[in-house]
Each structure stands twice: as C-alpha cells, then as structure tokens.
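Undergrad: One structure is given below, represented as structure tokens, and several questions about it will come after.
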Amino acid sequence: MPALSPTAVVALRAAHAAAEVHRRFFRRIEHVDYKRPNDPVTEADRMAEAAIVNVLREAFPAHAILGEEGGRRGGGPETWLVDPLDGTTNFSRGIPWFCVSIGLSGADGDGVLGVVLNPIVGEVYAAERGFGAYAASVAALPADPGAWGDLARWRRLRVSSVSAMRDAGFATGFPYDVGESQINIDHFVNVRLETSAVRASGSAALGLAYVAAGHLDGYWEIGPKAWDFGAGIVLVQEAGGRVSDLRGRPLPGPGAGLVLATNGVIHDAAVAVFSRGRSGLD
C-alpha cells in the first residue's frame, strides 16, 4: 500500500495541532478583532498558527513559512503556505464550515503538497505533486496523526466528469471590500446564469478540496493570497483538474491574482463566461 511522504505527514501533524485549537474555541470565542473592515481575526487564528509553526519549525528549520497571521518567517527556497483558520467569519459566528490549510511550494514556486483539514465535519485532504490526491474521515484514522501516512484508510480523489456548464456547480469567494469595489459581482451573476448552482461558502481551501473530490465542478476567486490557495491548487491538479487565472493563463504562483479551478472538462467554457465580466485586477 502506498504511503504519503514524511514531509506530508509532518504537514498532517501540523494541521491536526491547529484543528485541536479550532475545536477548543469553536462557539466559545468571546472577542473578535478586525484587521480591516469585515476581516475578522480571533485568538484561535493566532494560536492555531503558532501550533502549526511549532511543528513545521521543529521538522524543517531551514524552510520558510508564510502565514496569514504572522507573515513570512525565514528565507529558505522551500516555503510553507499556512492559513491557520480559513473561514474565520464562519468560525466567529459559530458556523461549522472552516478549516486549516497548509501547502508547500518548492524552489520553482510550484506547489509540492497540500493538506486541508475540516475539524468539525471531520474530513482531511492531502495531495503531493505526482502522487495523487486523497481524502479520509478523521474518525477512521489512527489517533496519532504521525501514523496518517498509510493510505489504507484514504480514498483516491478524482474531479467530476460534468461536461456542460449548465449542469455544473461552482463556488466562489468575495473580497472584504466588495460593497465598495463591486469586484466579482458581475462574475457571480454571469456564472449563475450559465450553471446549475453557485455557492459562496466562506472557505477557499474547502472550495478547492471539493472541486478535487468532485463535489463541485469549479471554484474561482479574485485577489486571494498564497495561503488561501497553496494547498488547494495541488489538490485540484493531482485530482485531474485544471487551474489557471480567470483568462485561462497559467498562474504566476499559488494564490496569485485571479484563480479559476475546474474539473478541466468545462475549463474553457468557464473562461469564456469570465471574459464577459470585469475582473477588477486584470
């Protein structure tokens, strides 16, 4: 039975440590700060990132870490992309739809691996470049996350086979200043008119994981950061999907500018829909 690499197992251990923080604070948060309007941060965000950094630093002291809360640490060519709590708005409101997202990019800037863990639903996703994408129920895995590398209890992920936009289900996210910028409003309307459903669930990492798992046929977002998409891009690509910017061009790096991920079959049709809308960052 194939197994995940030791590096991926470290990422899973770090994600598990963050998930323990999520569970401890979920629906117990008494105070929410704001980095800017509509952009919340909680004690759980900060503590979860600290837990992740501790695990990664111990295992890979020469690697750089780019975290949403703590910024860049170190300067190695390999960089961990860490969103300790993707979906903080949901978390702060007691909505059980959020996750920890940990990606690793190599010296060439391409994604090497990605791990996404939803602590409330109890699902974990992992992918490594050239090795495939997988998912498992946390309850079915050993109690020690250091033993999660054995893939016997994981299932291989494949993107959906939906071949027409009219049958497709998409998800997206909106910038915090959408009320002022109106960015993504036109795309949302255009895609909704061409598809069976569009959702805005509040977590980019989970949206991408669901594309990889075939639950969604596409996900797009405007202006994401590297930690938002670092893990999810690897999941989609290793599950057989396609990732580009909204114009169909290759991404300059994880989470850069305009991101579109699909099952690949409908990718060109989706790009044609986005060509009719204002990107805001093109």
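Ordering of the structure tokens sets the chain letters (A, B, ...), residue numbers begin anew at 1 in every chain, and ligands are numbered from 1 in the order given.
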Using only C-alpha atoms, which residues of segment 132-236 of chain A come within 12 Å of segment 14-22 of chain A, and what is the closest atom pair for each, with the distance in Å to one decimal? Give it as JSON lines, sorted by chain and residue number.
TA:
```
{"residue": "A:Val138", "atom": "CA", "partner": "A:His16", "partner_atom": "CA", "distance": 9.6}
{"residue": "A:Leu141", "atom": "CA", "partner": "A:His16", "partner_atom": "CA", "distance": 11.7}
{"residue": "A:Pro142", "atom": "CA", "partner": "A:His16", "partner_atom": "CA", "distance": 11.9}
{"residue": "A:Ala143", "atom": "CA", "partner": "A:His16", "partner_atom": "CA", "distance": 10.2}
{"residue": "A:Asp144", "atom": "CA", "partner": "A:His16", "partner_atom": "CA", "distance": 9.3}
{"residue": "A:Pro145", "atom": "CA", "partner": "A:His16", "partner_atom": "CA", "distance": 6.8}
{"residue": "A:Gly146", "atom": "CA", "partner": "A:His16", "partner_atom": "CA", "distance": 9.7}
{"residue": "A:Ala147", "atom": "CA", "partner": "A:His16", "partner_atom": "CA", "distance": 11.9}
{"residue": "A:Trp148", "atom": "CA", "partner": "A:His16", "partner_atom": "CA", "distance": 10.5}
{"residue": "A:Ala231", "atom": "CA", "partner": "A:Ala15", "partner_atom": "CA", "distance": 11.7}
```
Undergrad: Apply DSSP to the structure's backbone, then extract all residues of segment 118-174 of chain A labelled strand (DSSP E) and return them as a PyMOL selection string.
TA: chain A and resi 118+123-128+132-137+155-156+169-172
Undergrad: Report the residues of segment 84-215 of chain A whose backbone DSSP state falls under helix (DSSP H, G or I), written as a ChimeraX atom specification.
TA: /A:88-92,138-140,145-147,151-153,165-167,178-181,185-194,204-213
Undergrad: Per residue of segment 183-202 of chain A within 8 Å of segment 152-172 of chain A, what are the shortest atom pair and its distance in Å to one decimal, counting only C-alpha atoms, with rows by chain and residue number, as JSON lines?
TA:
```
{"residue": "A:Phe188", "atom": "CA", "partner": "A:Thr172", "partner_atom": "CA", "distance": 7.9}
{"residue": "A:Glu194", "atom": "CA", "partner": "A:Arg166", "partner_atom": "CA", "distance": 5.5}
{"residue": "A:Thr195", "atom": "CA", "partner": "A:Arg166", "partner_atom": "CA", "distance": 4.2}
{"residue": "A:Ser196", "atom": "CA", "partner": "A:Asp167", "partner_atom": "CA", "distance": 5.4}
{"residue": "A:Ala197", "atom": "CA", "partner": "A:Gly169", "partner_atom": "CA", "distance": 4.8}
{"residue": "A:Val198", "atom": "CA", "partner": "A:Phe170", "partner_atom": "CA", "distance": 4.7}
{"residue": "A:Arg199", "atom": "CA", "partner": "A:Ala171", "partner_atom": "CA", "distance": 4.4}
{"residue": "A:Ala200", "atom": "CA", "partner": "A:Thr172", "partner_atom": "CA", "distance": 5.1}
{"residue": "A:Ser201", "atom": "CA", "partner": "A:Ala171", "partner_atom": "CA", "distance": 7.2}
```
Undergrad: Create the file for the chosen residues now, containing C-alpha atoms and written as a compact mmCIF listing (two decimals), in the first residue's frame.
TA:
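Written output follows (part03.txt):
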```
# COMPACT_ATOMS: atom_id res chain seq x y z
CA PHE A 188 -21.17 35.83 -9.85
CA GLU A 194 -24.86 29.68 -17.02
CA THR A 195 -24.76 26.95 -14.34
CA SER A 196 -26.99 24.92 -12.06
CA ALA A 197 -25.68 26.47 -8.83
CA VAL A 198 -23.19 28.91 -7.35
CA ARG A 199 -22.27 28.95 -3.67
CA ALA A 200 -20.22 31.34 -1.54
CA SER A 201 -19.39 29.19 1.47
```
Undergrad: So that I can see what lies close to Val53 of chain A, please list as a PDB file with N, CA and C atoms, in the first residue's frame the residues with an atom at most 9 Å from it, counting only C-alpha atoms and leaving out residues fewer than 6 positions away in the same chain.
TA:
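Output below, filename result38.pdb:
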```
ATOM      1  N   ALA A  14       0.865  18.973  11.736  1.00  0.00           N
ATOM      2  CA  ALA A  14       0.669  20.401  11.992  1.00  0.00           C
ATOM      3  C   ALA A  14      -0.799  20.783  11.852  1.00  0.00           C
ATOM      4  N   ILE A  65       8.366  30.026   6.158  1.00  0.00           N
ATOM      5  CA  ILE A  65       6.942  29.869   6.462  1.00  0.00           C
ATOM      6  C   ILE A  65       6.255  31.201   6.180  1.00  0.00           C
ATOM      7  N   GLY A  67       2.686  32.750   6.787  1.00  0.00           N
ATOM      8  CA  GLY A  67       1.411  32.546   7.467  1.00  0.00           C
ATOM      9  C   GLY A  67       0.522  33.760   7.376  1.00  0.00           C
ATOM     10  N   VAL A  82       0.619  28.903   4.966  1.00  0.00           N
ATOM     11  CA  VAL A  82      -0.201  28.495   6.111  1.00  0.00           C
ATOM     12  C   VAL A  82      -1.385  29.420   6.312  1.00  0.00           C
TER      13      VAL A  82
END
```
Undergrad: Rank nothing, just name the residue among A:Ile233, A:Ile183, A:Leu193, A:Ala205 nearest to Ala270 of chain A, using only C-alpha atoms.
TA: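 Of all the options, A:Leu193 lies closest to Ala270 of chain A.
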